[in-house]
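Visitor: Compact mmCIF, C-alpha atoms, saved as input09.txt, coming up:
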```
# COMPACT_ATOMS: atom_id res chain seq x y z
CA MET A 1 -19.54 -22.36 25.10
CA ARG A 2 -22.36 -21.48 22.71
CA SER A 3 -21.56 -19.06 19.94
CA PHE A 4 -23.40 -15.80 19.53
CA PHE A 5 -25.32 -17.03 16.52
CA SER A 6 -26.26 -20.26 18.29
CA ILE A 7 -27.76 -18.20 21.08
CA ILE A 8 -29.73 -16.00 18.70
CA LEU A 9 -30.88 -19.14 16.91
CA ILE A 10 -32.54 -20.27 20.15
CA ALA A 11 -33.93 -16.79 20.59
CA ALA A 12 -35.29 -16.92 17.07
CA ALA A 13 -37.17 -20.13 17.85
CA ALA A 14 -38.73 -18.49 20.88
CA LEU A 15 -39.70 -15.56 18.73
CA SER A 16 -41.06 -17.60 15.83
CA CYS A 17 -44.19 -15.53 15.79
CA SER A 18 -42.21 -12.31 15.76
CA SER A 19 -41.30 -10.33 12.64
CA ASN A 20 -37.89 -9.53 14.14
CA THR A 21 -36.14 -12.64 12.82
CA PHE A 22 -34.26 -13.54 9.68
CA THR A 23 -33.74 -16.79 7.82
CA VAL A 24 -30.86 -17.39 5.44
CA LYS A 25 -31.70 -19.89 2.72
CA GLY A 26 -28.52 -20.72 0.87
CA THR A 27 -27.67 -22.82 -2.15
CA LEU A 28 -24.43 -24.14 -3.57
CA THR A 29 -23.93 -26.61 -6.40
CA PRO A 30 -22.87 -29.97 -4.90
CA THR A 31 -19.30 -30.98 -5.81
CA ASP A 32 -16.63 -33.09 -4.19
CA ASP A 33 -15.28 -29.97 -2.48
CA VAL A 34 -18.72 -28.92 -1.28
CA LYS A 35 -20.01 -32.26 0.04
CA ASP A 36 -20.30 -32.08 3.84
CA ALA A 37 -18.39 -28.77 3.80
CA LEU A 38 -19.10 -26.08 6.34
CA VAL A 39 -20.59 -22.70 5.61
CA ILE A 40 -19.51 -19.99 8.03
CA MET A 41 -21.72 -17.05 8.98
CA ARG A 42 -19.64 -14.35 10.66
CA ASN A 43 -20.48 -10.97 12.15
CA GLU A 44 -17.73 -8.84 10.61
CA ILE A 45 -18.02 -6.21 13.34
CA THR A 46 -17.93 -8.45 16.42
CA ASP A 47 -16.15 -11.42 14.76
CA VAL A 48 -18.51 -13.99 16.33
CA ALA A 49 -19.53 -16.79 14.02
CA ASP A 50 -21.68 -19.87 13.52
CA THR A 51 -21.55 -22.74 11.02
CA ALA A 52 -23.90 -24.90 8.99
CA VAL A 53 -23.27 -28.05 6.98
CA VAL A 54 -24.05 -28.06 3.25
CA VAL A 55 -26.62 -30.81 2.69
CA GLY A 56 -27.77 -31.51 -0.85
CA GLY A 57 -26.38 -28.20 -1.97
CA LYS A 58 -28.37 -26.27 0.63
CA PHE A 59 -27.70 -24.61 3.99
CA THR A 60 -29.77 -22.57 6.43
CA PHE A 61 -29.20 -20.05 9.20
CA LYS A 62 -31.72 -18.33 11.45
CA GLY A 63 -31.37 -15.50 13.91
CA VAL A 64 -32.61 -12.21 15.30
CA ALA A 65 -32.63 -9.34 12.81
CA ASP A 66 -30.13 -6.60 13.50
CA PRO A 67 -29.65 -3.68 11.10
CA THR A 68 -26.40 -2.72 12.86
CA ALA A 69 -24.72 -6.05 12.02
CA LEU A 70 -22.55 -6.66 8.97
CA VAL A 71 -22.60 -10.38 8.22
CA SER A 72 -20.64 -12.53 5.80
CA VAL A 73 -21.33 -16.05 4.62
CA SER A 74 -18.57 -18.12 3.05
CA LEU A 75 -17.73 -21.73 2.26
CA ASP A 76 -14.92 -23.37 4.23
CA ASN A 77 -13.69 -26.25 2.10
CA GLY A 78 -11.07 -27.26 4.64
CA LYS A 79 -8.33 -25.29 2.92
CA ARG A 80 -9.63 -21.75 2.76
CA SER A 81 -12.80 -19.70 2.86
CA ILE A 82 -14.29 -19.06 -0.59
CA HIS A 83 -17.54 -17.80 -2.18
CA HIS A 84 -17.99 -14.81 0.13
CA ALA A 85 -21.36 -13.06 0.41
CA LEU A 86 -22.07 -9.98 2.54
CA PHE A 87 -25.41 -8.80 3.90
CA VAL A 88 -27.24 -7.03 6.71
CA PRO A 89 -29.48 -9.41 8.70
CA GLU A 90 -32.80 -7.71 8.05
CA ALA A 91 -36.09 -9.28 9.10
CA GLY A 92 -37.47 -11.83 6.65
CA THR A 93 -35.92 -14.30 4.25
CA ILE A 94 -32.44 -13.76 2.86
CA THR A 95 -31.52 -15.93 -0.12
CA ILE A 96 -27.88 -16.57 -0.92
CA ASP A 97 -26.62 -18.40 -4.00
CA LEU A 98 -22.90 -18.86 -3.47
CA ASP A 99 -22.48 -19.92 -7.12
CA SER A 100 -23.78 -16.62 -8.44
CA THR A 101 -21.98 -13.31 -8.85
CA ASP A 102 -25.23 -11.66 -7.74
CA ARG A 103 -25.25 -13.78 -4.62
CA VAL A 104 -27.56 -12.07 -2.13
CA LYS A 105 -31.24 -11.23 -2.24
CA ALA A 106 -32.28 -9.42 0.92
CA GLY A 107 -33.86 -6.19 2.12
CA PRO A 108 -33.27 -2.52 1.28
CA VAL A 109 -30.42 -2.04 3.76
CA THR A 110 -28.43 -4.84 2.13
CA GLU A 111 -29.20 -3.34 -1.26
CA SER A 112 -27.78 -0.02 -0.05
CA LEU A 113 -24.75 -1.89 1.26
CA HIS A 114 -23.98 -3.42 -2.12
CA THR A 115 -24.56 -0.11 -3.88
CA LEU A 116 -22.05 1.58 -1.58
CA MET A 117 -19.46 -1.14 -2.17
CA ALA A 118 -19.85 -1.07 -5.94
CA GLU A 119 -19.78 2.72 -6.23
CA ALA A 120 -16.88 3.16 -3.81
CA ASN A 121 -14.81 0.52 -5.60
CA ALA A 122 -15.52 2.18 -8.95
CA ALA A 123 -14.55 5.67 -7.77
CA THR A 124 -11.60 7.03 -9.74
CA THR A 125 -10.76 10.04 -7.56
CA GLU A 126 -10.56 10.63 -3.84
CA GLU A 127 -13.17 13.38 -4.20
CA ASP A 128 -15.65 10.95 -5.77
CA PHE A 129 -14.83 8.30 -3.17
CA LEU A 130 -15.51 10.70 -0.29
CA GLU A 131 -18.74 11.95 -1.86
CA ILE A 132 -20.03 8.37 -2.21
CA CYS A 133 -19.10 7.43 1.35
CA ASP A 134 -20.49 10.65 2.83
CA LYS A 135 -23.84 10.25 1.07
CA ALA A 136 -24.14 6.62 2.21
CA PHE A 137 -23.24 7.65 5.75
CA ALA A 138 -25.73 10.53 5.80
CA ASP A 139 -28.53 8.18 4.73
CA ASN A 140 -27.60 5.31 7.06
CA LYS A 141 -26.29 6.69 10.35
CA ASP A 142 -28.13 4.03 12.36
CA ASN A 143 -27.22 0.85 10.48
CA ALA A 144 -24.37 -1.25 9.10
CA VAL A 145 -24.21 0.67 5.80
CA GLY A 146 -23.37 3.83 7.71
CA TYR A 147 -20.81 1.87 9.69
CA LEU A 148 -19.08 0.61 6.54
CA ALA A 149 -19.16 4.07 4.94
CA CYS A 150 -17.56 5.50 8.08
CA MET A 151 -14.89 2.79 8.16
CA ARG A 152 -13.99 3.47 4.53
CA ARG A 153 -13.20 7.12 5.13
CA VAL A 154 -12.47 7.49 8.87
CA PHE A 155 -8.70 7.41 8.30
CA LEU A 156 -8.92 10.49 6.06
CA PHE A 157 -9.86 12.92 8.84
CA GLU A 158 -7.11 15.29 9.91
CA THR A 159 -8.27 16.32 13.40
CA PRO A 160 -10.34 14.74 16.19
CA GLU A 161 -12.72 17.70 15.95
CA GLU A 162 -13.47 16.88 12.30
CA LEU A 163 -14.17 13.27 13.25
CA ASP A 164 -16.40 14.26 16.17
CA GLU A 165 -18.41 16.63 13.97
CA TYR A 166 -18.85 13.93 11.35
CA LEU A 167 -20.12 11.45 13.96
CA ALA A 168 -22.24 13.93 15.92
CA ASP A 169 -25.64 12.34 15.19
CA ALA A 170 -24.46 8.82 14.33
CA ALA A 171 -25.67 5.79 16.26
CA ASP A 172 -23.71 4.89 19.38
CA PHE A 173 -22.49 1.60 17.92
CA ILE A 174 -20.63 3.60 15.27
CA LYS A 175 -19.36 6.32 17.62
CA ASN A 176 -18.14 3.77 20.15
CA ASP A 177 -16.59 1.36 17.67
CA GLU A 178 -13.11 0.30 18.75
CA TYR A 179 -11.51 1.32 15.45
CA VAL A 180 -13.22 4.72 15.48
CA GLN A 181 -11.98 5.33 19.02
CA MET A 182 -8.46 4.26 18.07
CA GLN A 183 -8.54 6.64 15.13
CA ARG A 184 -9.71 9.49 17.34
CA GLU A 185 -6.90 8.80 19.83
CA MET A 186 -4.37 8.75 16.99
CA LEU A 187 -5.64 12.07 15.63
CA SER A 188 -5.48 13.59 19.12
CA ALA A 189 -1.90 12.36 19.50
CA GLN A 190 -0.96 13.79 16.10
CA GLN A 191 -2.54 17.10 17.05
CA SER A 192 -0.59 17.25 20.32
CA THR A 193 2.70 16.50 18.52
CA ALA A 194 2.16 18.69 15.47
CA ALA A 195 4.58 21.41 14.40
CA GLY A 196 4.67 24.08 17.11
CA CYS A 197 3.98 21.64 19.96
CA GLN A 198 6.42 20.49 22.60
CA TYR A 199 7.97 17.10 22.03
CA LYS A 200 7.02 14.09 24.14
CA ASP A 201 9.79 12.10 25.72
CA ILE A 202 10.43 8.55 24.54
CA GLU A 203 11.92 6.01 26.90
CA GLY A 204 13.73 2.87 25.83
CA THR A 205 17.18 1.35 25.97
CA ASP A 206 20.48 1.50 24.16
CA ALA A 207 22.04 -1.48 22.38
CA ALA A 208 23.38 -2.78 25.70
CA GLY A 209 19.96 -2.70 27.31
CA LYS A 210 20.67 0.35 29.50
CA PRO A 211 17.90 2.98 29.84
CA LEU A 212 18.02 5.68 27.20
CA ALA A 213 15.48 8.44 26.58
CA LEU A 214 14.94 11.07 23.90
CA SER A 215 15.35 13.72 26.60
CA ALA A 216 19.04 12.79 26.70
CA PHE A 217 19.35 14.59 23.35
CA VAL A 218 16.54 17.17 23.18
CA GLY A 219 17.00 20.45 25.03
CA LYS A 220 20.79 20.25 24.92
CA GLY A 221 21.26 23.09 22.46
CA LYS A 222 20.96 21.03 19.30
CA TYR A 223 18.36 20.39 16.63
CA VAL A 224 17.29 16.76 16.90
CA LEU A 225 16.12 14.73 13.92
CA ILE A 226 14.27 11.61 15.06
CA ASP A 227 13.42 8.66 12.83
CA PHE A 228 10.85 6.02 13.81
CA TRP A 229 11.97 2.86 12.03
CA ALA A 230 12.02 -0.96 12.07
CA SER A 231 14.42 -3.48 10.55
CA TRP A 232 11.66 -5.20 8.51
CA CYS A 233 10.35 -1.96 7.01
CA GLY A 234 11.52 -1.46 3.41
CA PRO A 235 10.77 2.29 3.21
CA CYS A 236 12.56 2.75 6.55
CA ARG A 237 15.69 1.05 5.25
CA ALA A 238 15.49 3.15 2.09
CA GLU A 239 15.67 6.35 4.17
CA ILE A 240 18.53 5.24 6.43
CA PRO A 241 21.40 5.95 3.96
CA ASN A 242 20.00 9.48 3.64
CA LEU A 243 19.91 9.84 7.43
CA ILE A 244 23.49 8.57 7.67
CA GLU A 245 24.55 11.32 5.25
CA ILE A 246 22.56 13.89 7.23
CA HIS A 247 24.37 12.73 10.38
CA LYS A 248 27.76 13.15 8.71
CA ALA A 249 27.00 16.49 7.07
CA TYR A 250 25.16 18.25 9.88
CA ALA A 251 26.68 16.92 13.11
CA LYS A 252 29.15 19.81 13.32
CA LYS A 253 26.32 22.25 12.59
CA GLY A 254 24.43 21.31 15.73
CA VAL A 255 22.11 18.62 14.41
CA GLN A 256 21.72 15.29 16.22
CA VAL A 257 20.13 12.32 14.44
CA VAL A 258 18.41 9.79 16.72
CA GLY A 259 16.78 6.57 15.57
CA ILE A 260 13.69 5.32 17.40
CA ASN A 261 13.38 1.57 16.80
CA VAL A 262 9.73 0.46 17.06
CA TRP A 263 7.57 -2.63 16.39
CA ASP A 264 10.70 -4.73 16.07
CA LYS A 265 12.76 -7.52 17.59
CA MET A 266 15.97 -6.47 19.30
CA ASP A 267 18.22 -8.97 17.56
CA ALA A 268 16.85 -8.01 14.12
CA ALA A 269 17.24 -4.31 14.89
CA LEU A 270 20.83 -4.72 16.10
CA LYS A 271 21.68 -6.70 12.96
CA ALA A 272 20.22 -3.96 10.74
CA VAL A 273 22.16 -1.25 12.59
CA GLU A 274 25.41 -3.13 11.99
CA GLN A 275 24.62 -4.01 8.38
CA MET A 276 23.66 -0.47 7.40
CA GLY A 277 26.39 1.31 9.35
CA MET A 278 24.12 3.43 11.54
CA LYS A 279 26.53 5.37 13.75
CA TYR A 280 24.03 7.74 15.32
CA PRO A 281 22.26 6.89 18.62
CA ILE A 282 19.35 4.44 18.56
CA ILE A 283 16.65 4.18 21.21
CA TYR A 284 15.17 0.68 21.22
CA THR A 285 11.54 0.36 22.36
CA ASP A 286 9.55 -2.80 23.01
CA ASP A 287 5.97 -1.50 23.11
CA LYS A 288 3.68 0.89 21.21
CA VAL A 289 3.87 3.78 23.67
CA ALA A 290 6.23 5.86 21.53
CA THR A 291 4.19 5.57 18.35
CA ASP A 292 0.89 5.96 20.22
CA ASP A 293 2.14 9.16 21.86
CA TYR A 294 3.02 10.62 18.45
CA GLY A 295 -0.06 9.28 16.63
CA ILE A 296 2.00 7.18 14.25
CA SER A 297 0.28 4.44 12.24
CA GLY A 298 2.97 3.97 9.61
CA ILE A 299 6.74 4.18 9.45
CA PRO A 300 9.16 5.70 8.70
CA GLN A 301 8.09 8.85 10.49
CA ILE A 302 10.79 11.50 10.67
CA LEU A 303 10.50 14.65 12.77
CA LEU A 304 12.71 17.68 13.34
CA ILE A 305 12.79 19.06 16.90
CA GLY A 306 14.25 22.46 17.82
CA PRO A 307 16.79 23.15 20.57
CA ASP A 308 14.02 24.16 22.97
CA GLY A 309 12.04 20.95 22.41
CA THR A 310 9.52 22.43 19.96
CA ILE A 311 8.52 20.14 17.11
CA LEU A 312 9.36 22.01 13.90
CA LYS A 313 8.30 19.55 11.20
CA ARG A 314 6.72 16.11 10.81
CA ASN A 315 6.44 13.71 7.89
CA LEU A 316 9.91 14.40 6.49
CA ARG A 317 11.21 12.19 3.68
CA GLY A 318 14.00 12.18 1.12
CA ASP A 319 15.39 15.54 0.02
CA GLY A 320 12.82 17.25 2.22
CA ILE A 321 14.83 16.31 5.31
CA ALA A 322 17.88 18.43 4.43
CA ALA A 323 15.62 21.19 3.08
CA ALA A 324 13.80 21.41 6.43
CA ILE A 325 17.05 21.47 8.39
CA ASP A 326 18.50 24.17 6.13
CA LYS A 327 15.66 26.52 7.09
CA TYR A 328 17.05 26.61 10.62
CA VAL A 329 20.72 25.64 10.41
CA LYS A 330 23.22 27.76 8.49
```
Go through the file and emit its structure as structure tokens.

Guide:
Amino acid sequence: MRSFFSIILIAAAALSCSSNTFTVKGTLTPTDDVKDALVIMRNEITDVADTAVVVGGKFTFKGVADPTALVSVSLDNGKRSIHHALFVPEAGTITIDLDSTDRVKAGPVTESLHTLMAEANAATTEEDFLEICDKAFADNKDNAVGYLACMRRVFLFETPEELDEYLADAADFIKNDEYVQMQREMLSAQQSTAAGCQYKDIEGTDAAGKPLALSAFVGKGKYVLIDFWASWCGPCRAEIPNLIEIHKAYAKKGVQVVGINVWDKMDAALKAVEQMGMKYPIIYTDDKVATDDYGISGIPQILLIGPDGTILKRNLRGDGIAAAIDKYVK
């Protein structure tokens, strides 16, 4: 099967009289590692790639210009990819010297790309970082620079409405990007499971493999503290001794601790439960439904649910767990 770049190479030949093509002229000092090595050109958004052989310290790529593409070129010396260069495939000639720190000479969109990367990496505060990304996005809503600016700050939005407003007049390739859509879905899930919302049931099994759901504990007259965790997660394991103490101290006060094991292997989870002395109920899940429903991208995530199924608090950690419970339980 021909790669994407091979196909556009053929298209470029057919369009040789057109101004809508680009040519990469690359150089690399010949060494034993470089001789007959491959250079990889990869679209970082679609992940399709093409290769060229380094001959006499030179390599060439051709293709159809596309301001919405974010392309990298790197040397594959058989062990790893090195000497990375990043550019936007604008019409004309793009020169790349993989030996130089200033590796790419291309058009104005690529120049804006490198400016964004340098300024964002040099930002010392979140406020400065956001200002840099927002300006780059505002000036480049129809090209790869805008895409990169969006990707660098999309995870900082707090609601799907904020994200939608930000993307209102952006190009469709940015709006419809898979990661952007995943982020929007996560924000929507977080919004629907925020404090004040009704809990969503979680279905899984107990240690013996029998069906067990969160609804077996919620709505039974108790406050329910749920902890999304995995055996391989260091911060999760750090919180578990605290949760064990909460279970001991608050069980008689009407608080039920429930562990929700996610993103894990059953045998590893069972071993961790035994090692750490987790005596409270654990619901074992084998897919991402539970975390997707609650908009969880990182664990541990600890929530307090009221007796009527209302979520009272999210993002609990450390001493804040007991403090949150004490607001409701005397």

Visitor: What is the CA of Val64 (chain A)-CA of Asn143 (chain A) distance in Å, reported with one decimal?

Guide: 14.9 Å

Visitor: Using all atoms listed in the file, determine which residues lie at most 10 Å from Thr110 (chain A), disregarding the query and same-chain residues fewer than 2 positions distant; provide the list as number ranges by chain.

Guide: A: 67, 70, 86-90, 94, 104-108, 112-116, 144-145

Visitor: Which residue gives the smallest distance to Arg237 (chain A) among A:Ser297, A:Thr205, A:Gln275, A:Gln256, with only C-alpha atoms counted?

Guide: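 Answer, going by the shortest atom-to-atom distance: A:Gln275.
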
Visitor: In Å, with one decimal, what is the gap from CA of Ser188 (chain A) to CA of Ala230 (chain A)?

Guide: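 Interatomic distance here is 23.8 Å.
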
Visitor: What's around Leu316 (chain A) at 12 Å? Count all atoms listed in the file, leave out sequence neighbours fewer than 4 positions away in its own chain, and write the answer as a VMD selection string.

Guide: chain A and resid 195 225 to 228 236 239 242 to 243 299 to 305 312 320 to 325

Visitor: Could you write out as lines of an AutoDock Vina configuration file the box around region 131-141 of chain A (axis-aligned, all atoms listed in the file, 8 Å on each side), with centre and edge lengths in Å to one decimal?

Guide:
```
center_x = -23.6
center_y = 8.6
center_z = 4.1
size_x = 25.8
size_y = 22.6
size_z = 28.6
```

Visitor: Using all atoms listed in the file, find all polymer residues with an atom at most 12 Å away from the point (-20.7, 9.4, -1.9); report them as a PyMOL selection string.

Guide: chain A and resi 112+115-123+125-139+146+149-150+152-153

Visitor: Quick one, how far is CA of Ser72 (chain A) from CA of Arg42 (chain A)?

Guide: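 Computing it gives 5.3 Å between the two atoms.
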
Visitor: Would you mind listing what lies within 10 Å of Leu270 (chain A) as a list of chain:residue names, with only C-alpha atoms counted and same-chain residues fewer than 3 positions away left out?

Guide: A:Ala207, A:Ser231, A:Asn261, A:Lys265, A:Met266, A:Asp267, A:Val273, A:Glu274, A:Gln275, A:Met278, A:Ile282, A:Tyr284

Visitor: May I have the protein, DNA and RNA residues with any atom at most 10 Å from the point (-16.4, 12.8, 13.4), counting only C-alpha atoms, written as a PyMOL selection string?

Guide: chain A and resi 150+154+157+159-170+175+180+184

Visitor: Store the residues picked out above, limited to C-alpha atoms, as a short mmCIF file (atom, residue, chain, number, x, y, z; two decimals), in the frame of the given file.

Guide:
```cif
data_model
loop_
_atom_site.label_atom_id
_atom_site.label_comp_id
_atom_site.auth_asym_id
_atom_site.auth_seq_id
_atom_site.Cartn_x
_atom_site.Cartn_y
_atom_site.Cartn_z
CA CYS A 150 -17.56 5.50 8.08
CA VAL A 154 -12.47 7.49 8.87
CA PHE A 157 -9.86 12.92 8.84
CA THR A 159 -8.27 16.32 13.40
CA PRO A 160 -10.34 14.74 16.19
CA GLU A 161 -12.72 17.70 15.95
CA GLU A 162 -13.47 16.88 12.30
CA LEU A 163 -14.17 13.27 13.25
CA ASP A 164 -16.40 14.26 16.17
CA GLU A 165 -18.41 16.63 13.97
CA TYR A 166 -18.85 13.93 11.35
CA LEU A 167 -20.12 11.45 13.96
CA ALA A 168 -22.24 13.93 15.92
CA ASP A 169 -25.64 12.34 15.19
CA ALA A 170 -24.46 8.82 14.33
CA LYS A 175 -19.36 6.32 17.62
CA VAL A 180 -13.22 4.72 15.48
CA ARG A 184 -9.71 9.49 17.34
#
```

Visitor: Restricting the calculation to all atoms listed in the file: of A:Phe155, A:Tyr179, A:Tyr199, A:Phe217, which residue gets closest to Val255 (chain A)?

Guide: A:Phe217

Visitor: Which residue is closest to Leu187 (chain A)? Choose from A:Gly63, A:Pro307, A:Gly295, A:Gly57 and count all atoms listed in the file.

Guide: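 Going through A:Gly63, A:Pro307, A:Gly295, A:Gly57 one by one, the smallest distance to Leu187 (chain A) is for A:Gly295.
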
Visitor: Here is a test: counting only C-alpha atoms, which residue of A:Tyr250, A:Phe173, A:Phe59, A:Phe22 is nearest to Asp142 (chain A)?

Guide: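 Checking each of A:Tyr250, A:Phe173, A:Phe59, A:Phe22 against Asp142 (chain A), counting only C-alpha atoms, the winner is A:Phe173.
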
Visitor: Which residues are close to region 27-30 of chain A, i.e. within 10 Å by all atoms listed in the file, leaving aside same-chain residues fewer than 3 positions away? Reply as a list in words.

Guide: Val24, Asp33, Val34, Lys35, Asp36, Ala37, Val54, Val55, Gly56, Gly57, Lys58, Phe59, Thr60, Leu75, His83, Thr95, Ile96, Asp97, Leu98, Asp99, Ser100 and Arg103 of chain A

Visitor: From the list A:Ala91, A:Ile260, A:Ile40, A:Ile283, which residue is nearest Ala208 (chain A) when using only C-alpha atoms?

Guide: A:Ile283

Visitor: Taking only C-alpha atoms into account, which of A:Tyr328, A:Lys222, A:Asp292, A:Gly318 comes nearest Lys200 (chain A)?

Guide: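 Looking at the shortest contact to Lys200 (chain A), the residue is A:Asp292.
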
Visitor: Can you tell me, as a ChimeraX atom specification, what residues are no more than 9 Å from region 251-253 of chain A when counting all atoms listed in the file, ignoring any on the same chain fewer than 5 positions away?

Guide: /A:222,246,329-330

Visitor: Mind writing the picked residues with C-alpha atoms as a short mmCIF file (atom, residue, chain, number, x, y, z; two decimals), keeping the file's coordinate frame?

Guide:
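Ended up saving to out_12.cif:
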```cif
data_model
loop_
_atom_site.label_atom_id
_atom_site.label_comp_id
_atom_site.auth_asym_id
_atom_site.auth_seq_id
_atom_site.Cartn_x
_atom_site.Cartn_y
_atom_site.Cartn_z
CA LYS A 222 20.96 21.03 19.30
CA ILE A 246 22.56 13.89 7.23
CA VAL A 329 20.72 25.64 10.41
CA LYS A 330 23.22 27.76 8.49
#
```
